[in-house]
Each structure stands twice: as structure tokens, then as C-alpha cells.
>>> print(open('start.tsv').read())   # TSV, C-alpha atoms
chain	number	residue	atom	x	y	z
A	1	MET	CA	-2.51	-4.91	3.30
A	2	GLY	CA	-0.83	-8.25	2.68
A	3	LEU	CA	-4.23	-9.94	2.63
A	4	VAL	CA	-5.45	-7.70	-0.20
A	5	GLN	CA	-2.16	-8.27	-2.00
A	6	ARG	CA	-2.53	-12.03	-1.72
A	7	ALA	CA	-6.10	-11.84	-3.08
A	8	VAL	CA	-4.99	-9.81	-6.11
A	9	GLU	CA	-2.10	-12.16	-6.81
A	10	ALA	CA	-4.45	-15.15	-6.47
A	11	ALA	CA	-6.61	-13.56	-9.19
A	12	GLY	CA	-3.62	-13.84	-11.53
A	13	ILE	CA	-2.09	-10.36	-11.29
A	14	PRO	CA	1.51	-10.02	-10.08
A	15	THR	CA	1.80	-7.66	-7.10
A	16	VAL	CA	4.48	-5.91	-5.10
A	17	GLY	CA	4.02	-3.94	-1.90
A	18	VAL	CA	5.95	-1.64	0.37
A	19	THR	CA	6.20	-2.82	3.96
A	20	LEU	CA	7.25	-0.76	6.95
A	21	ASN	CA	6.98	-3.65	9.38
A	22	ARG	CA	9.07	-6.65	8.49
A	23	SER	CA	7.72	-8.95	11.20
A	24	VAL	CA	4.11	-8.54	10.04
A	25	THR	CA	5.15	-9.13	6.44
A	26	ALA	CA	7.11	-12.25	7.37
A	27	ARG	CA	3.93	-13.67	8.88
A	28	VAL	CA	1.36	-12.56	6.31
A	29	ARG	CA	3.68	-13.65	3.47
A	30	PRO	CA	2.76	-11.51	0.50
A	31	PRO	CA	4.28	-12.57	-2.84
A	32	ARG	CA	6.80	-9.71	-3.15
A	33	ALA	CA	7.68	-6.90	-0.75
A	34	VAL	CA	10.11	-4.01	-0.41
A	35	PHE	CA	10.94	-3.31	3.22
A	36	LEU	CA	11.82	0.23	4.28
A	37	ARG	CA	12.89	1.18	7.80
A	38	TYR	CA	10.73	4.30	7.55
A	39	PRO	CA	8.17	5.70	10.01
A	40	PHE	CA	4.55	4.63	9.59
A	41	GLY	CA	2.71	6.91	7.22
A	42	HIS	CA	5.70	7.24	4.86
A	43	PRO	CA	5.78	4.16	2.59
A	44	MET	CA	7.07	6.24	-0.34
A	45	GLY	CA	9.30	8.49	1.77
A	46	GLU	CA	9.07	12.19	2.44
A	47	PRO	CA	6.54	14.64	0.98
A	48	LEU	CA	7.59	16.43	-2.24
A	49	ALA	CA	10.81	14.36	-2.35
A	50	VAL	CA	10.45	13.37	-5.99
A	51	ALA	CA	13.85	11.69	-6.36
A	52	GLN	CA	13.24	9.59	-3.27
A	53	GLN	CA	9.74	8.56	-4.33
A	54	THR	CA	10.99	7.78	-7.84
A	55	ALA	CA	13.77	5.58	-6.45
A	56	ILE	CA	11.34	3.66	-4.25
A	57	LEU	CA	8.93	3.13	-7.15
A	58	GLU	CA	11.86	1.88	-9.24
A	59	ASP	CA	12.76	-0.56	-6.42
A	60	LEU	CA	9.18	-1.81	-6.50
A	61	LEU	CA	9.15	-2.20	-10.28
A	62	ARG	CA	12.49	-4.01	-10.28
A	63	THR	CA	11.19	-6.34	-7.58
A	64	LEU	CA	8.22	-7.14	-9.83
A	65	GLU	CA	10.68	-8.04	-12.59
A	66	THR	CA	13.15	-10.07	-10.62
A	67	ALA	CA	11.85	-11.43	-7.31
A	68	GLY	CA	10.74	-14.99	-6.60
A	69	PRO	CA	7.83	-15.98	-4.30
A	70	GLY	CA	8.01	-14.52	-0.80
A	71	THR	CA	10.96	-12.22	-1.47
A	72	ILE	CA	11.42	-9.24	0.85
A	73	VAL	CA	13.82	-6.77	-0.76
A	74	GLU	CA	15.59	-4.35	1.58
A	75	PRO	CA	17.13	-1.29	-0.15
A	76	GLY	CA	18.56	-0.12	3.21
A	77	TYR	CA	17.78	3.58	2.90
A	78	ILE	CA	18.31	5.46	6.15
A	79	TRP	CA	15.40	7.76	6.95
A	80	LYS	CA	16.21	11.39	6.16
A	81	ARG	CA	19.91	10.52	5.73
A	82	HIS	CA	20.11	8.67	2.44
A	83	ARG	CA	20.91	10.99	-0.44
A	84	PHE	CA	18.76	10.35	-3.47
A	85	ALA	CA	20.09	11.67	-6.76
B	86	MET	CA	-11.98	10.79	23.55
B	87	ALA	CA	-11.19	7.54	21.79
B	88	ARG	CA	-9.96	9.54	18.81
B	89	LEU	CA	-7.69	11.58	21.08
B	90	ALA	CA	-6.20	8.42	22.59
B	91	ASN	CA	-5.66	7.24	19.05
B	92	ARG	CA	-3.81	10.41	18.13
B	93	VAL	CA	-1.41	9.89	21.03
B	94	ALA	CA	-0.85	6.25	20.11
B	95	VAL	CA	-0.27	7.17	16.49
B	96	GLN	CA	2.51	9.60	17.42
B	97	LEU	CA	4.14	7.03	19.72
B	98	PHE	CA	4.12	4.42	16.98
B	99	ARG	CA	5.55	6.91	14.53
B	100	ARG	CA	8.39	7.97	16.82
B	101	LEU	CA	9.21	4.60	18.36
B	102	PRO	CA	9.39	2.06	15.53
B	103	TRP	CA	10.07	-0.84	17.92
B	104	LEU	CA	6.53	-0.36	19.26
B	105	GLY	CA	5.31	-1.65	15.92
B	106	ASP	CA	7.26	-4.87	16.36
B	107	LEU	CA	5.95	-5.27	19.90
B	108	TRP	CA	2.39	-4.73	18.67
B	109	ALA	CA	2.94	-7.25	15.87
B	110	ALA	CA	4.34	-9.88	18.21
B	111	ARG	CA	1.35	-9.65	20.54
B	112	ARG	CA	-1.53	-9.80	18.13
B	113	SER	CA	-2.64	-12.51	15.81
B	114	PHE	CA	-2.72	-12.19	12.05
B	115	VAL	CA	-4.25	-14.19	9.32
B	116	GLU	CA	-0.97	-15.83	8.49
B	117	GLY	CA	-0.19	-16.81	4.98
B	118	GLY	CA	0.30	-20.47	4.19
B	119	GLY	CA	1.47	-20.97	0.65
B	120	ILE	CA	2.34	-17.85	-1.24
B	121	PRO	CA	0.05	-17.10	-4.19
B	122	TRP	CA	2.11	-16.45	-7.29
B	123	ALA	CA	1.39	-14.89	-10.66
B	124	PRO	CA	4.45	-14.33	-12.87
B	125	LEU	CA	4.89	-11.13	-14.83
B	126	ARG	CA	3.70	-12.10	-18.32
B	127	ARG	CA	5.44	-9.45	-20.38
B	128	PRO	CA	8.05	-6.71	-19.99
B	129	LEU	CA	6.90	-3.87	-17.72
B	130	ALA	CA	7.20	-1.45	-20.64
B	131	GLN	CA	4.17	-3.28	-22.08
B	132	CYS	CA	2.30	-3.66	-18.77
B	133	THR	CA	-0.59	-1.66	-17.39
B	134	VAL	CA	0.26	-1.03	-13.73
B	135	SER	CA	-2.43	-0.21	-11.16
B	136	LEU	CA	-2.20	1.18	-7.64
B	137	VAL	CA	-3.84	-0.11	-4.46
B	138	THR	CA	-3.36	1.47	-1.05
B	139	THR	CA	-4.50	0.76	2.49
B	140	ALA	CA	-3.79	4.30	3.65
B	141	GLY	CA	-7.44	5.40	3.83
B	142	VAL	CA	-7.35	7.73	0.81
B	143	HIS	CA	-10.64	8.60	-0.92
B	144	VAL	CA	-12.20	11.21	-3.15
B	145	THR	CA	-13.34	14.19	-1.08
B	146	GLY	CA	-17.10	13.94	-0.72
B	147	ASP	CA	-17.08	10.16	-1.06
B	148	THR	CA	-18.27	8.25	2.03
B	149	PRO	CA	-15.42	8.40	4.57
B	150	PHE	CA	-14.09	5.23	6.19
B	151	ASP	CA	-15.78	4.34	9.47
B	152	MET	CA	-13.78	5.68	12.38
B	153	ARG	CA	-16.46	4.96	15.01
B	154	ASP	CA	-16.24	1.18	14.71
B	155	ARG	CA	-13.18	0.30	16.76
B	156	THR	CA	-12.72	-2.94	14.83
B	157	GLY	CA	-12.24	-0.99	11.64
B	158	ASP	CA	-13.75	-0.97	8.17
B	159	ALA	CA	-13.22	-3.56	5.41
B	160	THR	CA	-14.77	-1.51	2.61
B	161	PHE	CA	-12.83	0.16	-0.19
B	162	ARG	CA	-13.12	3.28	-2.31
B	163	VAL	CA	-12.43	3.72	-6.00
B	164	ILE	CA	-10.34	6.72	-7.06
B	165	PRO	CA	-10.37	7.45	-10.82
B	166	ILE	CA	-6.83	7.89	-12.10
B	167	GLY	CA	-7.38	11.49	-13.24
B	168	THR	CA	-8.48	12.70	-9.81
B	169	PRO	CA	-6.41	15.76	-8.82
B	170	ALA	CA	-4.60	15.49	-5.49
B	171	ALA	CA	-6.62	18.45	-4.21
B	172	ALA	CA	-9.79	16.34	-4.64
B	173	MET	CA	-8.46	13.51	-2.46
B	174	THR	CA	-8.54	13.26	1.30
B	175	ILE	CA	-7.56	10.72	3.95
B	176	THR	CA	-9.85	9.27	6.62
B	177	HIS	CA	-7.69	7.09	8.83
B	178	ASP	CA	-7.13	7.86	12.52
B	179	TYR	CA	-4.61	5.09	13.04
B	180	TYR	CA	-1.54	6.76	11.57
B	181	ASP	CA	-0.10	10.25	11.24
B	182	HIS	CA	-0.99	11.28	7.70
B	183	SER	CA	0.24	14.86	7.92
B	184	ALA	CA	2.99	14.08	5.37
B	185	ALA	CA	0.50	12.45	2.98
B	186	ASP	CA	-1.87	15.40	3.42
B	187	ARG	CA	0.90	17.60	2.00
B	188	ASP	CA	1.77	15.20	-0.81
B	189	ILE	CA	-0.50	12.27	-1.61
B	190	ASN	CA	2.43	10.52	-3.32
B	191	VAL	CA	3.78	9.67	0.13
B	192	VAL	CA	1.11	6.96	0.38
B	193	LEU	CA	-0.21	6.74	-3.20
B	194	PRO	CA	2.57	7.24	-5.77
B	195	VAL	CA	0.27	8.26	-8.60
B	196	ASP	CA	2.41	11.08	-9.99
B	197	ARG	CA	5.53	8.91	-9.87
B	198	LEU	CA	3.74	6.09	-11.69
B	199	ARG	CA	2.50	8.50	-14.38
B	200	GLU	CA	6.08	9.73	-14.82
B	201	ALA	CA	7.22	6.12	-15.17
B	202	HIS	CA	4.62	5.74	-17.92
B	203	THR	CA	5.78	8.92	-19.66
B	204	ALA	CA	9.36	7.63	-19.48
B	205	GLY	CA	8.29	4.33	-21.03
B	206	ARG	CA	9.25	2.35	-17.94
B	207	VAL	CA	5.70	0.97	-17.70
B	208	GLY	CA	3.26	0.55	-20.57
B	209	GLY	CA	0.25	2.16	-18.96
B	210	VAL	CA	-1.45	3.25	-15.76
B	211	GLY	CA	-4.61	1.51	-14.55
B	212	PRO	CA	-7.81	3.59	-14.94
B	213	ARG	CA	-8.83	3.25	-11.29
B	214	MET	CA	-6.99	3.17	-7.97
B	215	TYR	CA	-8.38	1.24	-5.02
B	216	SER	CA	-8.12	2.29	-1.43
B	217	PHE	CA	-8.76	0.54	1.85
B	218	MET	CA	-8.39	1.85	5.37
B	219	GLY	CA	-5.82	-0.56	6.78
B	220	HIS	CA	-7.38	-0.95	10.21
B	221	VAL	CA	-9.40	-4.17	9.76
B	222	ASN	CA	-10.05	-6.39	12.77
B	223	GLY	CA	-12.65	-8.76	14.22
B	224	ARG	CA	-15.57	-9.61	11.95
B	225	HIS	CA	-14.23	-7.26	9.29
B	226	VAL	CA	-11.34	-9.62	8.51
B	227	LYS	CA	-13.81	-12.17	7.15
B	228	THR	CA	-15.50	-9.49	5.04
B	229	LEU	CA	-12.14	-8.41	3.66
B	230	LEU	CA	-11.04	-11.95	2.84
B	231	GLU	CA	-14.35	-13.15	1.41
B	232	VAL	CA	-15.90	-10.06	-0.11
B	233	THR	CA	-13.98	-6.83	-0.57
B	234	ALA	CA	-10.43	-8.02	-1.38
B	235	PRO	CA	-11.69	-10.51	-4.04
B	236	GLN	CA	-13.97	-7.76	-5.41
B	237	VAL	CA	-11.01	-5.41	-5.89
B	238	ALA	CA	-9.06	-8.26	-7.47
B	239	ARG	CA	-11.91	-8.82	-9.98
B	240	GLN	CA	-12.13	-5.12	-10.78
B	241	LEU	CA	-8.38	-5.00	-11.39
B	242	VAL	CA	-8.75	-7.85	-13.86
B	243	GLU	CA	-11.56	-5.89	-15.58
B	244	ASP	CA	-9.28	-2.85	-15.65
B	245	GLY	CA	-6.71	-4.85	-17.59
B	246	ALA	CA	-4.07	-4.53	-14.87
B	247	ASP	CA	-0.93	-6.56	-15.67
B	248	ALA	CA	0.73	-5.70	-12.35
B	249	VAL	CA	-0.21	-3.94	-9.11
B	250	VAL	CA	1.87	-1.77	-6.79
B	251	MET	CA	0.56	-1.64	-3.22
B	252	THR	CA	1.26	0.89	-0.49
B	253	PRO	CA	0.32	0.72	3.20
B	254	ALA	CA	-0.24	3.57	5.63
>>> encode(input="start.tsv", output="C-alpha cells")
Amino acid sequence: MGLVQRAVEAAGIPTVGVTLNRSVTARVRPPRAVFLRYPFGHPMGEPLAVAQQTAILEDLLRTLETAGPGTIVEPGYIWKRHRFA
Amino acid sequence: MARLANRVAVQLFRRLPWLGDLWAARRSFVEGGGIPWAPLRRPLAQCTVSLVTTAGVHVTGDTPFDMRDRTGDATFRVIPIGTPAAAMTITHDYYDHSAADRDINVVLPVDRLREAHTAGRVGGVGPRMYSFMGHVNGRHVKTLLEVTAPQVARQLVEDGADAVVMTPA
């Protein structure tokens, strides 16, 4: 996914992506990433968990607004334990 | 048989996250050199935001991603923004998409982005979403880098996207 992200950014559009595997992201080096220690297949969290998905989208949007090149933001949510409002 | 072996591997990777790190350490990636950078040009409340995923989502009835080629598939599908979730499906044998089958927002946060638009957090939602199937190896990497990823980038520019949110599988 990082390769697509880099291509879009290179075309002049700022991008941010979720990553579930920090070591891959550290090597592919996308412009901005939010790292979640979540199982594969769940980049936005659990199904029908609107508050959780909303919080993750907000993390992504805030990263777009604030991060510098190569930033990997880590919100630190614990899978199925973190309480979203 | 290969698809069955895949299903087993997929569950292992889901349940044992350290397997993902082991897998990553042993294979080669197209590693990034410099980091491409495009600054946000205006406040998000005035930006059109588009979605791109590599989770193998596509419109039901559209050509599915190729699961027979073990080196993957570098093509992409376009999903118009108004497509109801019931008209989307996932073709991707390399991860457990049972959660995303119940709620597409798990891999493609389209409803959440529309809510962010309604709330005024973002200025607009891109007219089209773009979807890859994240398993891309061998000769397909070249196709992705030289053809399909730049093509999606061009289409996003045509769509007037000011920012893009990307989600993997």
C-alpha cells in the first residue's frame, strides 16, 4: 500500500495511511502513517464500532494536518480493550 | 488446495501478529529512498478528501481480483462514492475479511468520511474510491509502480482530491 501512497503523494496530493505492520512501513517509508497494533483485516477497528472508527479517522485527519515527512503516529489503542467515547 | 492453505495462513497471521514481523523481515520490499512530500494546501474543512484501499474491495459484478496468480494482481477497481455497502464485495484471499464483510468501514471508512463531511471537518468527499488487492509480487510490482499506481494518482488529481486517506487490508 505504501507504494501507491508514495505515487499519489508524488503527484502532489498529501496522503495518510493506516499501517498494521510497523516494520514494513519503516522500510517502505510512506509520507505519513498511523500505526495501530490491530489484527490484519481491521485497519479501522471493529465492525459497527462507529466511535472507534470515527476516532481512527480523526487520528488520520489530524496526522494530515500536523505531521512532517515520514512520521508514524502511534495512538496506542489496545485491541478490544480501549474504550472509545 | 492453494486457497485452503491460504485460509490457514491467513488465520495464523491474524492470531499471531509477530508472524507478520517475521514475514516482513524475510522478504524484500521496494524500499523507499527519499520521502515524497506534498503539503496540505488549505484547511481540511475546505479540502476534498478521497479514499484509497488495498483491501481488495470492488463493486459486486465488477471483475474480481485475480486469485489464481500466486504473485498477485496489480490492477485496481473504481468504486463510485454513492455505492451502497450491499453492492460492494471483497476478493482477497490473503487476509480474513469476515469483519469487513459485516461492515465495509472496517477497511474502507466511507461512512465515517461522509459523517466528517456532514460535520464540516472536511470540505468534501472525492467522487470515486480506488481499490487494489494488496497482494502484489514479482512482475506485478513493476506494473504497480509504472502503470497502475500512477494512473490512480492521475485520476485522483482529475477528481480534485486535496488529500487522500489510505487503508490496507
>>> closest_residue(input="start.tsv", among="A:Tyr38, A:Val24, A:Met1, A:Pro31", to="Leu101 in chain B", atoms="all atoms listed in the file")
A:Tyr38
>>> residues_around(input="start.tsv", residues="Gly157 in chain B", least_positions_apart="2", cutoff="6 Å", atoms="only C-alpha atoms", output="list in words")
Asp154, Arg155, His220, Val221 and Asn222 of chain B
>>> write_last_selection(input="start.tsv", atoms="C-alpha atoms", output="JSON list (two decimals), in the coordinates of the input")
[["chain", "number", "residue", "atom", "x", "y", "z"],
["B", 154, "ASP", "CA", -16.24, 1.18, 14.71],
["B", 155, "ARG", "CA", -13.18, 0.30, 16.76],
["B", 220, "HIS", "CA", -7.38, -0.95, 10.21],
["B", 221, "VAL", "CA", -9.40, -4.17, 9.76],
["B", 222, "ASN", "CA", -10.05, -6.39, 12.77]]
>>> interface_residues(input="start.tsv", of="chain B", to="chain A", cutoff="6 Å", atoms="only C-alpha atoms", output="PyMOL selection string")
chain B and resi 99+116-117+120-121+123-125+181-182+184+188+191-192+197+234-235+238+247-252+254
>>> residues_around(input="start.tsv", residues="Arg83 in chain A", least_positions_apart="4", cutoff="10 Å", atoms="all atoms listed in the file", output="number ranges by chain")
A: 51-52, 77-79
>>> atom_distance(input="start.tsv", atom1="CA of Glu200 in chain B", atom2="CA of Arg239 in chain B")
26.3 Å
>>> closest_residue(input="start.tsv", among="B:Phe150, B:Tyr215, B:Trp122, B:Tyr179", to="Val137 in chain B", atoms="all atoms listed in the file")
B:Tyr215
>>> atom_distance(input="start.tsv", atom1="CA of Ala140 in chain B", atom2="CA of Met218 in chain B")
5.5 Å
>>> atom_distance(input="start.tsv", atom1="CA of Lys227 in chain B", atom2="CA of Gly211 in chain B")
27.3 Å
>>> residues_around(input="start.tsv", residues="Arg199 in chain B", least_positions_apart="4", cutoff="7 Å", atoms="all atoms listed in the file", output="ChimeraX atom specification")
/B:195,203,210
>>> decode(input="start.tsv", residues="range 45-74 of chain A", atoms="N, CA and C atoms", output="mmCIF file, in the first residue's frame")
data_model
loop_
_atom_site.group_PDB
_atom_site.id
_atom_site.type_symbol
_atom_site.label_atom_id
_atom_site.label_comp_id
_atom_site.auth_asym_id
_atom_site.auth_seq_id
_atom_site.Cartn_x
_atom_site.Cartn_y
_atom_site.Cartn_z
ATOM 1 N N GLY A 45 -10.513 -0.767 12.821
ATOM 2 C CA GLY A 45 -11.041 -1.293 14.069
ATOM 3 C C GLY A 45 -12.084 -2.373 13.857
ATOM 4 N N GLU A 46 -13.040 -2.400 14.785
ATOM 5 C CA GLU A 46 -14.036 -3.463 14.780
ATOM 6 C C GLU A 46 -15.259 -3.077 13.955
ATOM 7 N N PRO A 47 -15.984 -4.100 13.441
ATOM 8 C CA PRO A 47 -17.184 -3.809 12.648
ATOM 9 C C PRO A 47 -18.268 -3.136 13.494
ATOM 10 N N LEU A 48 -18.939 -2.175 12.914
ATOM 11 C CA LEU A 48 -20.077 -1.465 13.520
ATOM 12 C C LEU A 48 -19.674 -0.671 14.767
ATOM 13 N N ALA A 49 -18.389 -0.506 15.005
ATOM 14 C CA ALA A 49 -17.895 0.273 16.145
ATOM 15 C C ALA A 49 -17.656 1.710 15.660
ATOM 16 N N VAL A 50 -18.754 2.450 15.599
ATOM 17 C CA VAL A 50 -18.701 3.780 14.978
ATOM 18 C C VAL A 50 -17.754 4.720 15.722
ATOM 19 N N ALA A 51 -17.812 4.719 17.055
ATOM 20 C CA ALA A 51 -16.954 5.638 17.822
ATOM 21 C C ALA A 51 -15.478 5.325 17.577
ATOM 22 N N GLN A 52 -15.164 4.051 17.517
ATOM 23 C CA GLN A 52 -13.782 3.639 17.278
ATOM 24 C C GLN A 52 -13.327 4.072 15.884
ATOM 25 N N GLN A 53 -14.150 3.791 14.887
ATOM 26 C CA GLN A 53 -13.787 4.139 13.507
ATOM 27 C C GLN A 53 -13.671 5.659 13.355
ATOM 28 N N THR A 54 -14.557 6.376 14.020
ATOM 29 C CA THR A 54 -14.522 7.847 13.961
ATOM 30 C C THR A 54 -13.232 8.380 14.580
ATOM 31 N N ALA A 55 -12.832 7.776 15.698
ATOM 32 C CA ALA A 55 -11.601 8.211 16.378
ATOM 33 C C ALA A 55 -10.379 7.944 15.503
ATOM 34 N N ILE A 56 -10.365 6.804 14.842
ATOM 35 C CA ILE A 56 -9.216 6.475 13.979
ATOM 36 C C ILE A 56 -9.180 7.408 12.772
ATOM 37 N N LEU A 57 -10.347 7.699 12.191
ATOM 38 C CA LEU A 57 -10.367 8.649 11.065
ATOM 39 C C LEU A 57 -9.869 10.014 11.530
ATOM 40 N N GLU A 58 -10.282 10.419 12.734
ATOM 41 C CA GLU A 58 -9.826 11.717 13.258
ATOM 42 C C GLU A 58 -8.300 11.707 13.455
ATOM 43 N N ASP A 59 -7.749 10.587 13.930
ATOM 44 C CA ASP A 59 -6.283 10.468 14.050
ATOM 45 C C ASP A 59 -5.619 10.656 12.690
ATOM 46 N N LEU A 60 -6.225 10.065 11.668
ATOM 47 C CA LEU A 60 -5.672 10.176 10.315
ATOM 48 C C LEU A 60 -5.731 11.622 9.836
ATOM 49 N N LEU A 61 -6.875 12.268 10.048
ATOM 50 C CA LEU A 61 -7.031 13.651 9.581
ATOM 51 C C LEU A 61 -6.065 14.573 10.321
ATOM 52 N N ARG A 62 -5.917 14.355 11.622
ATOM 53 C CA ARG A 62 -5.011 15.207 12.398
ATOM 54 C C ARG A 62 -3.555 15.002 11.948
ATOM 55 N N THR A 63 -3.255 13.759 11.583
ATOM 56 C CA THR A 63 -1.900 13.483 11.075
ATOM 57 C C THR A 63 -1.666 14.228 9.762
ATOM 58 N N LEU A 64 -2.693 14.288 8.918
ATOM 59 C CA LEU A 64 -2.582 15.065 7.675
ATOM 60 C C LEU A 64 -2.265 16.531 7.986
ATOM 61 N N GLU A 65 -2.866 17.039 9.050
ATOM 62 C CA GLU A 65 -2.719 18.459 9.383
ATOM 63 C C GLU A 65 -1.389 18.790 10.039
ATOM 64 N N THR A 66 -0.832 17.804 10.767
ATOM 65 C CA THR A 66 0.283 18.169 11.637
ATOM 66 C C THR A 66 1.615 17.470 11.360
ATOM 67 N N ALA A 67 1.583 16.311 10.687
ATOM 68 C CA ALA A 67 2.809 15.504 10.622
ATOM 69 C C ALA A 67 3.797 16.002 9.578
ATOM 70 N N GLY A 68 5.071 15.810 9.855
ATOM 71 C CA GLY A 68 6.127 16.079 8.888
ATOM 72 C C GLY A 68 6.485 14.800 8.135
ATOM 73 N N PRO A 69 7.349 14.909 7.108
ATOM 74 C CA PRO A 69 7.674 13.759 6.245
ATOM 75 C C PRO A 69 8.168 12.531 7.010
ATOM 76 N N GLY A 70 7.538 11.396 6.738
ATOM 77 C CA GLY A 70 7.980 10.128 7.314
ATOM 78 C C GLY A 70 7.453 9.840 8.708
ATOM 79 N N THR A 71 6.548 10.689 9.204
ATOM 80 C CA THR A 71 6.016 10.487 10.550
ATOM 81 C C THR A 71 5.168 9.221 10.641
ATOM 82 N N ILE A 72 5.386 8.448 11.708
ATOM 83 C CA ILE A 72 4.487 7.335 12.030
ATOM 84 C C ILE A 72 3.878 7.641 13.393
ATOM 85 N N VAL A 73 2.598 7.985 13.384
ATOM 86 C CA VAL A 73 1.889 8.316 14.626
ATOM 87 C C VAL A 73 1.391 7.021 15.255
ATOM 88 N N GLU A 74 1.491 6.915 16.578
ATOM 89 C CA GLU A 74 1.020 5.698 17.245
ATOM 90 C C GLU A 74 0.042 6.057 18.358
#
